[in-house]
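Since the structure comes first, as structure tokens, the remarks are kept for the end.
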Amino acid sequence: MRAALPLAEGRVERDGVGIRYERYGEGSPAIVLLPTWSLLTSRHWKMQVGYLSRHFTVVSFDGRGNGRSGRPTDPAAYTDVEFAEDTLEVMEATGVEKAVLVSASAGALWALRLCAEHPDRVLGSVFIAPSVGLAPRPAERDVQRFDDVIEEPVGWQKYNDHHWRTDYPDFVSFFIGQIFAEAHSTKQIEDGVGWALETTGETVSATHVGLEGCDEAQVRGLAARVACPVLVLHGTDDALHRVDEGAALAECTGGSLVALHGCGHFPHARDPVRVNLLIKEFVDRVAS
Amino acid sequence: MRARLPDREGVVERDGVRVAYEVYGDGRPALLLVPASPITHARSWKMVVPTLALRFTVITTDGRGTGRSERAHAIEGYAPHAIVADLLAVLTAVEVDRAVLVAHCHAVPWILRTAIAHPDRVAGVVAIAPELELAPSHAHWAVGRRWSDDVAEPVGWARFNRSHWRNDGGYRAWIEFFFDQQLPEPHSTKLYEDMVGWATHDTDPESMILQEESSGTASTEAEAWCRNLGCPVLVVHGSDDPCQPLERGRRMAELTGGELVVVEGGGHLPHGRDPVTVLNHITRFANSLQGADMPSTTWTRSAARPKRALYLSSPIGLSHARRDVAIAKELKLQRPDLEIEWLAQDPVTTVLEAEGERIHPASRWLASESSHIVSETTGHDLHCFQALRRMDEILIANFMVFQEVVEEGNYDLVIGDEAWDVDYYWHENPELKRGQNVWLTDFVGFLPMPDGGEHEAYLTTDYNAEMIEHIDRYPWIRDRALFVGSAQDVVPDTFGADLPAIRNWTDEHFSYSGYITGFVPPAPDEVPAIRARLGYREDEQVVVVAVGGSGVGRALIDKVVAAHPMAKRAMPELRMIVVTGPRLDPESFAERDGLEVRGYVHRLYEHLSVCDLAVVQGGLTTTMELAAAKRPFLYFPLGHHFEQNFHVRHRLERYRAGTCMDFTTTDPDLIAARIIELAGKPVDYVDVETDGAARAAGLISELV
């Protein structure tokens with residue numbers, strides 16, 4: 001059973017793509033829990049919703065490409081602009097004029113765009129383990145070749161278009177395991193694998209290609225325009241994106257960094273208490 | 001001694017009245033603390049100033065008519081507009097454009113007037129127990145209607161009467177009655193004494209009368225201020241405030257859209273009686289005015305944390321440092337995975353540095369407890385119970401440093417060797433406890449000195465009662481209480497009237513580690529070699545006179561030196577070594593044949609452990625070192641030092657060790673006679689245990 005049930009659910013549609021959203025709680029201000037990479041659904045926020053919705057209005061939605069949202073096949077439907085526009089549409093539908101954005105991993109890309117281009121809609125932004133290309137990736141990922149055809153790929157070679165199309169479950173199993181560097185994460189891994197298997201390798205491939213335009217120069221350009229309060233949370237043991245990446249984002253947005261010593265890529269799932277308290281503290285400060 | 005001295009001080013002069021101010025710290029924002037003068041003054045903020053000054057610029061002022069400010073001699077001198085002008089003049093004098101104004105009781109209307117008239121100067125308002133006519137006053141204040149009447153022999157609230165204040169003793173009687181009422185919290189003796197002292201010594205009835213008659217605010221005015229206030233507001237109010245009903249604070253918060261903190265069970269003086277919670281709220285409020293940014297920090301997930309202990313060692317006397325190092329060494333042997341950090345101050349840090357121990361950098365923020373003790377000592381006299389009471393502002397300042405350290409440090413264990421601040425304030429604020437907590441002490445129970453009479457017995461009983469209530473109510477604050485010694489070392493007294501016997505209670509609430517010397521005394525066959533190494537011949541009678549490092553002891557040395565000629569005549573083989581410690585100049589003592597004066601002796605305990613006789617004060621460490629080494633010694637407990645006179649003496653008598661001497665009644669002839677009688681003579685002391693540190697470490701390591 002869920003810890004909290006939505007007060008409202010609905011669907012918005014943009015260019016024929018349906019987006020399913022949920023709204024919880026009635027407090028002020030509102031928080032939008034942004035979708036992450038469409039490998040996962042909005043359920044990855046499940047450890048946040050119950051607590052945060054007791055204090056604030058919480059809106060979440062499945063990103064296009066997974067969950068109960070539509071699955072366009074054209075990579076052009078998965079740019080950061082599309083995710084940002086989906087967010088604004090969901091905010092309209094839920095009557096949220098301004099919100100604190102909370103994003104994880106690739107969700108940072110649309111959060112940044114919203115902060116930079118729609119400052120009147122954003123009170124502040126929490127970035128968890130941002131994937132924004134501002135620092136080198138961990139050395140283990142050097143073997144990654146997305147477009148090559150690799151027979152029997154091992155490790156990060158599995159981050160590969162051909163592999164996703166031929167043995168998507170194997171990639172999912174590897175990748176979700178990398179997200180949770182912490183010992184004793186079986187439940188988090190099971191959950192992540194389950195959500196990832198709600199979509200397909202082909203769809204995930206399209207989302208990847210759609211985001212290829214988000215390079216460092218673009219990210220820095222957006223970050224320089226961020227005027228709202230920013231909090232970055234980043235695990236020091238993140239196997240996907242090093243803590244330097246979060247530190248760089250905090251620096252170029254003028255935000256604060258809370259380094260989470262010993263945490264992997266999804267601290268909100270693995271260390272939800274501390275992350276919930278940090279989000280609450282940030283929202284309280286922004287709202288006061 | 002104060003916990004912190006001002007960085008700057010000065011006066012502003014307006015209409016011929018000089019108003020004193022002080023400035024502490026240089027952080028942002030600035031806080032101007034406005035006392036409810038003239039009944040009290042800047043010192044009423046003593047429990048909060050040192051801690052706030054670590055982060056903010058803190059400006060205090062003695063209002064007109066009290067403290068270091070001058071009196072105004074006409075009613076206009078106390079008019080609200082005059083006080084508002086003083087506050088602005090102080091801000092200007094200290095070059096602060098904008099400040100958070102913090103006020104108590106009838107000073108709250110002054111800061112509201114300031115904030116309404118000069119919104120650009122006021123960043124926020126903190127009102128403690130505000131006197132604002134936003135709700136009816138307590139019924140007992142109806143006596144105000146008879147303020148100007150001649151009331152014959154008023155009692156209770158009726159002492160609020162002008163002619164009574166002008167009568168002999170009437171004003172003081174009112175003040176004592178008033179503050180007794182304002183502190184419904186039990187065990188408030190020190191705050192009560194402070195408040196009565198400031199109200200009776202630092203102002204006068206005429207200033208108080210002028211201030212009373214100049215005040216008074218219509219309810220409509222107070223309401224308008226609150227509605228028109230443009231800055232953030234924090235109201236702190238005790239639920240049981242006998243001066244200002246809680247409803248007034250509640251209404252102020254409502255009308256201003258501010259935040260209300262109710263101190264449930266609190267009286268009229270929460271900043272004095274519950275300083276921890278008041279400090280935390282003021283700090284949070286002031287920080288919130290500095291923008292929404294969160295601090296950049298690190299949080300370590302639980303599995304990634306090493307096992308860590310924070311060790312606090314009392315700097316009063318040297319016994320703590322030595323035994324705590326011994327315990328820490330044993331702990332590391334028993335638990336190699338345990339990291340130990342020390343929150344410590346001089347002189348403990350000197351010992352720790354020599355041992356290579358890790359000292360937490362926040363140690364530098366600690367206010368000096370040992371300097372306070374020195375400042376409380378005169379001649380051969382130290383009233384250590386009163387010295388501890390007067391250390392209240394140092395203890396709260398140091399507790400707040402400690403609390404920050406434990407909140408950031410993820411310690412599994414806190415070990416406090418007579419860390420009075422931690423023990424007291426964790427029991428007073430149990431929600432702040434972090435980790436497992438070990439309390440160590442070598443005495444239990446404050447005992448009154450006979451010449452303190454009934455009042456001192458009342459005070460020690462009250463302190464003991466508070467401690468007993470603390471532990472009964474919150475048995476989970478001390479996870480382990482260790483008595484450094486054995487059950488027989490506990491004095492056979494009681495905690496006071498209607499309180500338990502100290503021994504029974506200690507048995508129920510403590511574990512015993514045995515005594516911890518921190519060193520192993522030489523065996524009899526090792527003594528000649530050590531004497532030879534130290535330059536003492538077998539045919540000499542070596543008498544070591546040592547007074548510790550505190551600067552206390554000149555009087556004792558003078559007396560012993562005066563005894564030297566007589567002893568030397570009777571005992572030509574006498575060689576007296578006088579160790580003055582770092583605070584007394586050896587040059588100020590004349591040397592003569594058979595008398596050597598030294599400022600510092602490395603490893604003094606070695607000299608003591610092979611001497612033929614020692615003359616020392618009544619401190620536990622040195623006397624027990626002599627007991628362990630089985631040397632004859634004369635000890636002189638400091639006057640009015642209950643611990644040396646009762647607890648240490650009781651323990652030494654249990655070991656049959658040493659000869660207790662009364663300083664005031666002992667003359668040089670008697671000292672000489674005792675030296676001649678006892679030097680080099682055999683003793684029959686009970687063995688002092690040598691496994692105390694290991695036993696203590698074993699009892700502590702069970703917790704991690």
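In the structure tokens, the first chain shown is A, the next is B, and so on; residue numbers restart at 1 for each chain, and ligands run from 1 in the order shown.
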
Using only C-alpha atoms, find each residue of chain A with at least one atom at most 6 Å away from an atom of chain B; report its shortest atom-to-atom pair and that distance in Å (one decimal), sort the rows by chain and rising residue number, and return the result as a tab-separated table.
```
residue	atom	partner	partner_atom	distance
A:Ser256	CA	B:Ser296	CA	4.9
A:Leu257	CA	B:Ser296	CA	4.7
A:Val258	CA	B:Thr297	CA	4.8
A:Ala259	CA	B:Thr298	CA	4.5
A:Leu260	CA	B:Trp299	CA	4.9
A:His261	CA	B:Thr300	CA	4.3
A:Gly262	CA	B:Ala304	CA	5.6
A:Arg285	CA	B:Ala292	CA	4.8
A:Val286	CA	B:Ala292	CA	5.4
```

key: Neighbour list for region 181-195 of chain A as a PyMOL selection string, cut-off 8 Å, only C-alpha atoms, skip fewer than 3 positions in-chain   = chain A and resi 39-41+43-44+67+172-173+176-178+198-199+237-239+262-265+269-270

message = Which residues are near Ala247 (chain A)? Cut-off 12 Å, only C-alpha atoms, ignore same chain within fewer than 3 positions. Put them as an MDAnalysis selection string.
response = (chainID A and resid 127:135 230:236 241:244 250:260) or (chainID B and resid 296:298)

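The strand (DSSP E or B) portion of region 6-65 of chain B consists of B:Arg8, B:Glu9, B:Gly10, B:Val11, B:Val12, B:Glu13, B:Arg14, B:Val17, B:Arg18, B:Val19, B:Ala20, B:Tyr21, B:Glu22, B:Val23, B:Tyr24, B:Ala30, B:Leu31, B:Leu32, B:Leu33, B:Val34, B:Thr57, B:Val58, B:Ile59, B:Thr60, B:Thr61, with states taken from DSSP on the backbone.
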
Could the residues in this selection be saved with N, CA and C atoms as a PDB file, in the first residue's frame?
```pdb
ATOM      1  N   ARG B   8      34.577  45.937  22.682  1.00  0.00           N
ATOM      2  CA  ARG B   8      34.588  47.402  22.734  1.00  0.00           C
ATOM      3  C   ARG B   8      33.578  47.812  23.786  1.00  0.00           C
ATOM      4  N   GLU B   9      33.804  48.982  24.399  1.00  0.00           N
ATOM      5  CA  GLU B   9      32.768  49.528  25.271  1.00  0.00           C
ATOM      6  C   GLU B   9      32.817  51.039  25.207  1.00  0.00           C
ATOM      7  N   GLY B  10      31.740  51.655  25.599  1.00  0.00           N
ATOM      8  CA  GLY B  10      31.713  53.109  25.542  1.00  0.00           C
ATOM      9  C   GLY B  10      30.427  53.639  26.145  1.00  0.00           C
ATOM     10  N   VAL B  11      30.257  54.947  26.007  1.00  0.00           N
ATOM     11  CA  VAL B  11      29.024  55.577  26.482  1.00  0.00           C
ATOM     12  C   VAL B  11      28.515  56.532  25.407  1.00  0.00           C
ATOM     13  N   VAL B  12      27.212  56.697  25.372  1.00  0.00           N
ATOM     14  CA  VAL B  12      26.630  57.796  24.593  1.00  0.00           C
ATOM     15  C   VAL B  12      26.056  58.770  25.616  1.00  0.00           C
ATOM     16  N   GLU B  13      26.092  60.034  25.284  1.00  0.00           N
ATOM     17  CA  GLU B  13      25.546  61.025  26.222  1.00  0.00           C
ATOM     18  C   GLU B  13      24.425  61.779  25.541  1.00  0.00           C
ATOM     19  N   ARG B  14      23.269  61.800  26.171  1.00  0.00           N
ATOM     20  CA  ARG B  14      22.123  62.533  25.633  1.00  0.00           C
ATOM     21  C   ARG B  14      21.463  63.279  26.779  1.00  0.00           C
ATOM     22  N   VAL B  17      22.776  62.706  30.193  1.00  0.00           N
ATOM     23  CA  VAL B  17      22.790  61.386  30.816  1.00  0.00           C
ATOM     24  C   VAL B  17      23.658  60.458  29.978  1.00  0.00           C
ATOM     25  N   ARG B  18      24.647  59.871  30.636  1.00  0.00           N
ATOM     26  CA  ARG B  18      25.544  58.957  29.908  1.00  0.00           C
ATOM     27  C   ARG B  18      25.003  57.536  30.025  1.00  0.00           C
ATOM     28  N   VAL B  19      24.872  56.887  28.871  1.00  0.00           N
ATOM     29  CA  VAL B  19      24.344  55.523  28.804  1.00  0.00           C
ATOM     30  C   VAL B  19      25.450  54.614  28.290  1.00  0.00           C
ATOM     31  N   ALA B  20      25.708  53.543  29.041  1.00  0.00           N
ATOM     32  CA  ALA B  20      26.850  52.667  28.743  1.00  0.00           C
ATOM     33  C   ALA B  20      26.450  51.556  27.774  1.00  0.00           C
ATOM     34  N   TYR B  21      27.389  51.202  26.907  1.00  0.00           N
ATOM     35  CA  TYR B  21      27.158  50.068  26.004  1.00  0.00           C
ATOM     36  C   TYR B  21      28.414  49.214  25.909  1.00  0.00           C
ATOM     37  N   GLU B  22      28.218  47.996  25.422  1.00  0.00           N
ATOM     38  CA  GLU B  22      29.328  47.071  25.173  1.00  0.00           C
ATOM     39  C   GLU B  22      29.068  46.347  23.859  1.00  0.00           C
ATOM     40  N   VAL B  23      30.142  45.997  23.169  1.00  0.00           N
ATOM     41  CA  VAL B  23      30.015  45.291  21.892  1.00  0.00           C
ATOM     42  C   VAL B  23      30.865  44.024  21.948  1.00  0.00           C
ATOM     43  N   TYR B  24      30.265  42.930  21.514  1.00  0.00           N
ATOM     44  CA  TYR B  24      30.944  41.625  21.486  1.00  0.00           C
ATOM     45  C   TYR B  24      30.819  41.041  20.079  1.00  0.00           C
ATOM     46  N   ALA B  30      23.653  42.193  13.401  1.00  0.00           N
ATOM     47  CA  ALA B  30      23.911  42.718  14.744  1.00  0.00           C
ATOM     48  C   ALA B  30      22.652  42.560  15.583  1.00  0.00           C
ATOM     49  N   LEU B  31      22.855  42.249  16.868  1.00  0.00           N
ATOM     50  CA  LEU B  31      21.743  42.137  17.809  1.00  0.00           C
ATOM     51  C   LEU B  31      21.934  43.186  18.898  1.00  0.00           C
ATOM     52  N   LEU B  32      20.925  43.981  19.147  1.00  0.00           N
ATOM     53  CA  LEU B  32      20.968  44.929  20.269  1.00  0.00           C
ATOM     54  C   LEU B  32      20.070  44.378  21.361  1.00  0.00           C
ATOM     55  N   LEU B  33      20.683  44.034  22.497  1.00  0.00           N
ATOM     56  CA  LEU B  33      19.935  43.452  23.615  1.00  0.00           C
ATOM     57  C   LEU B  33      19.522  44.568  24.565  1.00  0.00           C
ATOM     58  N   VAL B  34      18.225  44.734  24.753  1.00  0.00           N
ATOM     59  CA  VAL B  34      17.710  45.860  25.526  1.00  0.00           C
ATOM     60  C   VAL B  34      17.119  45.333  26.830  1.00  0.00           C
ATOM     61  N   THR B  57      27.198  40.113  15.850  1.00  0.00           N
ATOM     62  CA  THR B  57      27.647  41.263  16.622  1.00  0.00           C
ATOM     63  C   THR B  57      26.596  41.490  17.705  1.00  0.00           C
ATOM     64  N   VAL B  58      27.022  41.481  18.950  1.00  0.00           N
ATOM     65  CA  VAL B  58      26.079  41.637  20.058  1.00  0.00           C
ATOM     66  C   VAL B  58      26.369  42.953  20.767  1.00  0.00           C
ATOM     67  N   ILE B  59      25.347  43.797  20.846  1.00  0.00           N
ATOM     68  CA  ILE B  59      25.497  45.074  21.536  1.00  0.00           C
ATOM     69  C   ILE B  59      24.595  45.031  22.760  1.00  0.00           C
ATOM     70  N   THR B  60      25.168  45.309  23.920  1.00  0.00           N
ATOM     71  CA  THR B  60      24.348  45.383  25.121  1.00  0.00           C
ATOM     72  C   THR B  60      24.401  46.809  25.643  1.00  0.00           C
ATOM     73  N   THR B  61      23.386  47.190  26.353  1.00  0.00           N
ATOM     74  CA  THR B  61      23.407  48.510  26.974  1.00  0.00           C
ATOM     75  C   THR B  61      22.786  48.423  28.362  1.00  0.00           C
TER      76      THR B  61
END
```

inquiry  = DSSP on the backbone: which residues in region 66-249 of chain B end up as alpha helix (DSSP H)? Give the answer as a VMD selection string.
reply    = chain B and resid 80 to 93 108 to 117 162 to 166 170 to 182 189 to 201 205 to 214 219 to 228 246 to 249

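Between CA of Ile394 (chain B) and CA of Ala367 (chain B) the separation is 5.9 Å.
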
key: Leu255 (chain B) environment, 8 Å, only C-alpha atoms, sequence neighbours closer than 5 positions dropped, as number ranges by chain   = B: 223, 226-227

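Interatomic distance, CA of Asp507 (chain B) to CA of Gly692 (chain B): 17.5 Å.
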
task = Fewer than 4 positions away in the same chain doesn't count, so skip those; otherwise give me all residues within 8 Å of region 161-167 of chain B, counting only C-alpha atoms, as JSON, numbers by chain.
result = {"B": [144, 146, 147, 148, 149, 150, 151, 153, 154, 171, 172, 174, 205, 206, 209]}

key: Spatial neighbours of Asp62 (chain A), max dist 12 Å, only C-alpha atoms, sep filter under 5 positions, as a ChimeraX atom specification   = /A:9-12,17-22,32-45,67-71,83,86-87,90,107,195,198-199

key: Interatomic distance (Å, one decimal) between CA of Ala465 (chain B) and CA of Lys433 (chain B)   = 21.7 Å

key: Long-range neighbours of Ile502 (chain B) as a list of chain:residue names, 9 Å cut-off, only C-alpha atoms, 6 positions minimum in chain   = B:Val444, B:Gly445, B:Val490, B:Val491, B:Pro492, B:Asp493, B:Thr494, B:Phe495
